[in-house]
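File shown: entry30.pdb. Contents: PDB, C-alpha atoms.
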```pdb
ATOM      1  CA  MET A1087     -65.294 -41.016 -18.678  1.00  0.00           C
ATOM      2  CA  VAL A1088     -62.285 -43.245 -19.324  1.00  0.00           C
ATOM      3  CA  ILE A1089     -60.102 -42.107 -22.227  1.00  0.00           C
ATOM      4  CA  SER A1090     -57.564 -44.650 -23.493  1.00  0.00           C
ATOM      5  CA  PHE A1091     -54.545 -43.862 -25.623  1.00  0.00           C
ATOM      6  CA  LYS A1092     -50.888 -44.724 -25.940  1.00  0.00           C
ATOM      7  CA  LEU A1093     -48.731 -42.298 -23.948  1.00  0.00           C
ATOM      8  CA  ASN A1094     -45.016 -42.612 -24.608  1.00  0.00           C
ATOM      9  CA  ASN A1095     -45.555 -46.133 -25.967  1.00  0.00           C
ATOM     10  CA  LYS A1096     -47.530 -47.273 -22.907  1.00  0.00           C
ATOM     11  CA  GLU A1097     -51.236 -48.031 -22.982  1.00  0.00           C
ATOM     12  CA  THR A1098     -52.837 -45.426 -20.746  1.00  0.00           C
ATOM     13  CA  SER A1099     -56.399 -45.012 -19.496  1.00  0.00           C
ATOM     14  CA  LEU A1100     -57.444 -41.894 -17.635  1.00  0.00           C
ATOM     15  CA  ASP A1101     -60.807 -41.311 -15.979  1.00  0.00           C
ATOM     16  CA  VAL A1102     -61.239 -37.632 -16.812  1.00  0.00           C
ATOM     17  CA  ASP A1103     -63.671 -35.159 -18.316  1.00  0.00           C
ATOM     18  CA  PRO A1104     -63.388 -35.710 -22.090  1.00  0.00           C
ATOM     19  CA  GLN A1105     -63.215 -31.938 -22.644  1.00  0.00           C
ATOM     20  CA  MET A1106     -60.250 -31.507 -20.286  1.00  0.00           C
ATOM     21  CA  PRO A1107     -57.245 -30.190 -22.207  1.00  0.00           C
ATOM     22  CA  LEU A1108     -54.787 -32.956 -23.020  1.00  0.00           C
ATOM     23  CA  LEU A1109     -52.102 -30.878 -21.265  1.00  0.00           C
ATOM     24  CA  TRP A1110     -53.798 -31.208 -17.880  1.00  0.00           C
ATOM     25  CA  ALA A1111     -54.512 -34.897 -18.371  1.00  0.00           C
ATOM     26  CA  ILE A1112     -50.815 -35.474 -19.108  1.00  0.00           C
ATOM     27  CA  ARG A1113     -49.527 -33.286 -16.269  1.00  0.00           C
ATOM     28  CA  ASP A1114     -52.099 -33.808 -13.516  1.00  0.00           C
ATOM     29  CA  TYR A1115     -53.353 -37.335 -14.148  1.00  0.00           C
ATOM     30  CA  ALA A1116     -50.439 -39.076 -15.878  1.00  0.00           C
ATOM     31  CA  GLY A1117     -47.881 -37.173 -13.774  1.00  0.00           C
ATOM     32  CA  LEU A1118     -45.643 -36.127 -16.682  1.00  0.00           C
ATOM     33  CA  THR A1119     -44.665 -32.512 -16.100  1.00  0.00           C
ATOM     34  CA  GLY A1120     -42.212 -31.948 -18.974  1.00  0.00           C
ATOM     35  CA  THR A1121     -45.005 -30.510 -21.105  1.00  0.00           C
ATOM     36  CA  LYS A1122     -45.440 -26.910 -20.019  1.00  0.00           C
ATOM     37  CA  PHE A1123     -48.383 -24.527 -19.691  1.00  0.00           C
ATOM     38  CA  SER A1124     -47.778 -20.976 -20.815  1.00  0.00           C
ATOM     39  CA  CYS A1125     -50.325 -19.059 -22.899  1.00  0.00           C
ATOM     40  CA  GLY A1126     -53.304 -21.438 -22.760  1.00  0.00           C
ATOM     41  CA  ILE A1127     -54.488 -20.372 -26.240  1.00  0.00           C
ATOM     42  CA  ALA A1128     -52.215 -22.429 -28.544  1.00  0.00           C
ATOM     43  CA  VAL A1129     -49.994 -19.488 -29.477  1.00  0.00           C
ATOM     44  CA  CYS A1130     -46.654 -20.072 -27.730  1.00  0.00           C
ATOM     45  CA  GLY A1131     -45.973 -23.787 -28.322  1.00  0.00           C
ATOM     46  CA  ALA A1132     -44.650 -24.603 -24.830  1.00  0.00           C
ATOM     47  CA  CYS A1133     -47.355 -27.281 -24.531  1.00  0.00           C
ATOM     48  CA  THR A1134     -46.453 -29.047 -27.794  1.00  0.00           C
ATOM     49  CA  VAL A1135     -46.651 -32.835 -27.806  1.00  0.00           C
ATOM     50  CA  LEU A1136     -46.622 -35.258 -30.723  1.00  0.00           C
ATOM     51  CA  MET A1137     -49.882 -36.932 -31.683  1.00  0.00           C
ATOM     52  CA  GLU A1138     -49.271 -39.696 -34.190  1.00  0.00           C
ATOM     53  CA  GLY A1139     -45.917 -37.974 -34.836  1.00  0.00           C
ATOM     54  CA  ALA A1140     -47.366 -34.524 -35.591  1.00  0.00           C
ATOM     55  CA  PRO A1141     -46.908 -31.558 -33.246  1.00  0.00           C
ATOM     56  CA  VAL A1142     -50.124 -30.447 -31.529  1.00  0.00           C
ATOM     57  CA  ARG A1143     -50.910 -27.861 -28.864  1.00  0.00           C
ATOM     58  CA  SER A1144     -52.050 -29.831 -25.854  1.00  0.00           C
ATOM     59  CA  CYS A1145     -53.394 -26.771 -23.999  1.00  0.00           C
ATOM     60  CA  VAL A1146     -56.408 -26.488 -26.322  1.00  0.00           C
ATOM     61  CA  MET A1147     -56.810 -30.088 -27.495  1.00  0.00           C
ATOM     62  CA  PRO A1148     -59.435 -32.018 -25.546  1.00  0.00           C
ATOM     63  CA  VAL A1149     -58.122 -35.264 -24.106  1.00  0.00           C
ATOM     64  CA  SER A1150     -60.938 -37.048 -25.991  1.00  0.00           C
ATOM     65  CA  ALA A1151     -59.096 -36.208 -29.251  1.00  0.00           C
ATOM     66  CA  ALA A1152     -56.263 -38.475 -28.069  1.00  0.00           C
ATOM     67  CA  ALA A1153     -58.522 -41.530 -27.700  1.00  0.00           C
ATOM     68  CA  GLY A1154     -56.963 -44.468 -29.525  1.00  0.00           C
ATOM     69  CA  LYS A1155     -53.963 -42.419 -30.652  1.00  0.00           C
ATOM     70  CA  SER A1156     -50.285 -42.333 -29.829  1.00  0.00           C
ATOM     71  CA  ILE A1157     -49.014 -39.329 -27.851  1.00  0.00           C
ATOM     72  CA  THR A1158     -45.335 -38.587 -27.245  1.00  0.00           C
ATOM     73  CA  THR A1159     -44.165 -36.112 -24.628  1.00  0.00           C
ATOM     74  CA  ILE A1160     -40.598 -35.009 -23.959  1.00  0.00           C
ATOM     75  CA  GLU A1161     -40.352 -37.781 -21.357  1.00  0.00           C
ATOM     76  CA  GLY A1162     -41.110 -40.374 -24.031  1.00  0.00           C
ATOM     77  CA  LEU A1163     -38.549 -39.194 -26.553  1.00  0.00           C
ATOM     78  CA  SER A1164     -35.698 -41.161 -24.960  1.00  0.00           C
ATOM     79  CA  GLN A1165     -34.785 -42.744 -21.647  1.00  0.00           C
ATOM     80  CA  ASN A1166     -31.353 -41.126 -21.309  1.00  0.00           C
ATOM     81  CA  ASN A1167     -31.615 -37.867 -23.283  1.00  0.00           C
ATOM     82  CA  ASP A1168     -29.855 -39.639 -26.131  1.00  0.00           C
ATOM     83  CA  HIS A1169     -32.257 -38.899 -28.952  1.00  0.00           C
ATOM     84  CA  PRO A1170     -30.264 -37.208 -31.771  1.00  0.00           C
ATOM     85  CA  VAL A1171     -32.207 -33.963 -31.327  1.00  0.00           C
ATOM     86  CA  GLN A1172     -31.615 -33.921 -27.581  1.00  0.00           C
ATOM     87  CA  LYS A1173     -27.912 -34.593 -28.087  1.00  0.00           C
ATOM     88  CA  ALA A1174     -27.709 -31.777 -30.662  1.00  0.00           C
ATOM     89  CA  TRP A1175     -29.569 -29.452 -28.274  1.00  0.00           C
ATOM     90  CA  ILE A1176     -26.908 -30.104 -25.646  1.00  0.00           C
ATOM     91  CA  GLU A1177     -24.021 -29.737 -28.094  1.00  0.00           C
ATOM     92  CA  ALA A1178     -25.366 -26.434 -29.459  1.00  0.00           C
ATOM     93  CA  GLN A1179     -26.159 -25.222 -25.929  1.00  0.00           C
ATOM     94  CA  VAL A1180     -29.668 -24.249 -26.965  1.00  0.00           C
ATOM     95  CA  PRO A1181     -31.482 -23.840 -23.632  1.00  0.00           C
ATOM     96  CA  GLN A1182     -31.313 -20.659 -21.700  1.00  0.00           C
ATOM     97  CA  CYS A1183     -34.272 -20.546 -19.310  1.00  0.00           C
ATOM     98  CA  GLY A1184     -35.480 -23.866 -20.731  1.00  0.00           C
ATOM     99  CA  TYR A1185     -39.231 -23.298 -20.433  1.00  0.00           C
ATOM    100  CA  CYS A1186     -40.012 -23.712 -24.146  1.00  0.00           C
ATOM    101  CA  GLN A1187     -37.535 -26.512 -24.757  1.00  0.00           C
ATOM    102  CA  SER A1188     -39.881 -29.512 -24.666  1.00  0.00           C
ATOM    103  CA  GLY A1189     -42.062 -27.831 -27.292  1.00  0.00           C
ATOM    104  CA  GLN A1190     -39.008 -26.799 -29.315  1.00  0.00           C
ATOM    105  CA  ILE A1191     -37.466 -30.275 -29.222  1.00  0.00           C
ATOM    106  CA  LEU A1192     -40.665 -32.122 -30.128  1.00  0.00           C
ATOM    107  CA  SER A1193     -41.326 -29.686 -32.979  1.00  0.00           C
ATOM    108  CA  ALA A1194     -37.786 -30.271 -34.251  1.00  0.00           C
ATOM    109  CA  VAL A1195     -38.261 -34.048 -34.051  1.00  0.00           C
ATOM    110  CA  ALA A1196     -41.436 -33.802 -36.132  1.00  0.00           C
ATOM    111  CA  LEU A1197     -39.664 -31.570 -38.677  1.00  0.00           C
ATOM    112  CA  LEU A1198     -36.752 -34.004 -39.074  1.00  0.00           C
ATOM    113  CA  GLU A1199     -39.149 -36.919 -39.485  1.00  0.00           C
ATOM    114  CA  ARG A1200     -40.772 -35.068 -42.412  1.00  0.00           C
ATOM    115  CA  LYS A1201     -37.602 -33.478 -43.803  1.00  0.00           C
ATOM    116  CA  PRO A1202     -34.362 -35.184 -42.755  1.00  0.00           C
ATOM    117  CA  ASN A1203     -32.239 -32.439 -44.374  1.00  0.00           C
ATOM    118  CA  PRO A1204     -34.188 -29.230 -43.828  1.00  0.00           C
ATOM    119  CA  THR A1205     -33.205 -25.880 -45.288  1.00  0.00           C
ATOM    120  CA  ASP A1206     -33.068 -22.741 -43.168  1.00  0.00           C
ATOM    121  CA  GLU A1207     -36.473 -21.838 -44.551  1.00  0.00           C
ATOM    122  CA  ASP A1208     -37.871 -25.274 -43.610  1.00  0.00           C
ATOM    123  CA  ILE A1209     -36.517 -24.845 -40.084  1.00  0.00           C
ATOM    124  CA  ASP A1210     -37.902 -21.327 -39.737  1.00  0.00           C
ATOM    125  CA  ASN A1211     -41.326 -22.394 -41.016  1.00  0.00           C
ATOM    126  CA  ALA A1212     -41.509 -25.407 -38.709  1.00  0.00           C
ATOM    127  CA  MET A1213     -40.155 -23.681 -35.632  1.00  0.00           C
ATOM    128  CA  ASN A1214     -41.665 -20.203 -35.861  1.00  0.00           C
ATOM    129  CA  SER A1215     -44.736 -21.290 -33.932  1.00  0.00           C
ATOM    130  CA  VAL A1216     -42.786 -22.112 -30.750  1.00  0.00           C
ATOM    131  CA  LEU A1217     -41.916 -18.877 -28.985  1.00  0.00           C
ATOM    132  CA  CYS A1218     -38.663 -18.519 -27.094  1.00  0.00           C
ATOM    133  CA  ARG A1219     -38.548 -15.526 -24.800  1.00  0.00           C
ATOM    134  CA  CYS A1220     -34.774 -15.897 -24.511  1.00  0.00           C
ATOM    135  CA  GLY A1221     -34.273 -15.650 -28.287  1.00  0.00           C
ATOM    136  CA  THR A1222     -32.317 -18.863 -28.773  1.00  0.00           C
ATOM    137  CA  TYR A1223     -33.522 -19.233 -32.370  1.00  0.00           C
ATOM    138  CA  PRO A1224     -30.015 -19.241 -33.943  1.00  0.00           C
ATOM    139  CA  ARG A1225     -28.981 -22.055 -31.598  1.00  0.00           C
ATOM    140  CA  VAL A1226     -32.220 -23.934 -32.359  1.00  0.00           C
ATOM    141  CA  ARG A1227     -31.385 -23.771 -36.059  1.00  0.00           C
ATOM    142  CA  LYS A1228     -27.817 -24.914 -35.392  1.00  0.00           C
ATOM    143  CA  ALA A1229     -29.029 -27.855 -33.279  1.00  0.00           C
ATOM    144  CA  ILE A1230     -31.512 -28.983 -35.932  1.00  0.00           C
ATOM    145  CA  LYS A1231     -28.751 -28.944 -38.532  1.00  0.00           C
ATOM    146  CA  LEU A1232     -26.512 -30.957 -36.187  1.00  0.00           C
ATOM    147  CA  ALA A1233     -29.270 -33.502 -35.578  1.00  0.00           C
ATOM    148  CA  SER A1234     -29.922 -33.873 -39.299  1.00  0.00           C
ATOM    149  CA  LYS A1235     -26.398 -35.204 -39.883  1.00  0.00           C
TER
END
```
Rewrite the structure of this file - the entire thing - as structure tokens.
Amino acid sequence: MVISFKLNNKETSLDVDPQMPLLWAIRDYAGLTGTKFSCGIAVCGACTVLMEGAPVRSCVMPVSAAAGKSITTIEGLSQNNDHPVQKAWIEAQVPQCGYCQSGQILSAVALLERKPNPTDEDIDNAMNSVLCRCGTYPRVRKAIKLASK
């Protein structure tokens, strides 16, 4: 079955099983590997993408749920890593191993779209669902505050 949606502002049609997780459609069929697989049960957040601007877990979302919608992956955030959140991530030296970073960054983008000047509590509430095994949470908070300026 052909599923059509906008992927990083480009009309995309993929001939896939409608129940295939969006993650695998993005990685294996669209060839965008910035979205990561980790837990496979929507707990860790490494697979986070934006659907209509809201963070969603692509590992459990069927690709059919994306039909007619706009999906943004880390590759679609900016062409040159110059999105304000990406620039703040670099300035605050957030990444350590880097595996969770696409999910972290996209979650931060969604937070700042909703709350341009988030409090520490807002940041913690928005970001607590993306697990970082390296424990870079203080740097994540710092980067979000930098990006909000």
Atom CA of A:Asp1103 to atom CA of A:Gln1187, straight-line distance in Å: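 These atoms are spaced 28.3 Å apart.
For the pair atom CA of A:Pro1204 and atom CA of A:Leu1217, the separation is 19.7 Å.
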How would you write, as a PyMOL selection string, the residues chosen by the PyMOL selection byres ((chain A and resi 1107-1119) around 6) on this structure? chain A and resi 1106+1120-1121+1144-1149
Using only C-alpha atoms for the distances, tell me which of A:Lys1173, A:Arg1219, A:Arg1200, A:Lys1096 is nearest to A:Thr1159.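 Of the candidates, the smallest distance to A:Thr1159 is held by A:Lys1096.
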Which one is closest to A:Lys1235: A:Pro1202, A:Gly1139, A:Pro1181, A:Pro1104? Count all atoms listed in the file. A:Pro1202
To test your reading of the syntax: which residues would the PyMOL selection byres ((chain A and resi 1215) around 10) return for the file shown? Reply as a list of chain:residue names.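 With the shown file as input, the PyMOL selection byres ((chain A and resi 1215) around 10) matches A:Ala1128, A:Val1129, A:Cys1130, A:Gly1131, A:Ala1132, A:Gly1189, A:Gln1190, A:Ser1193, A:Asp1210, A:Asn1211, A:Ala1212, A:Met1213, A:Asn1214, A:Val1216, A:Leu1217, A:Cys1218.
If you measure from each of A:Ile1230, A:Pro1224, A:Trp1175, A:Gln1165 to A:Ala1194 using all atoms listed in the file, the closest one turns out to be A:Ile1230.
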For each of A:Met1087, A:Leu1163, A:Ala1151, A:Met1137, take the minimum atom-to-atom distance to A:Val1195, counting all atoms listed in the file, then give the residue where this is smallest. A:Leu1163
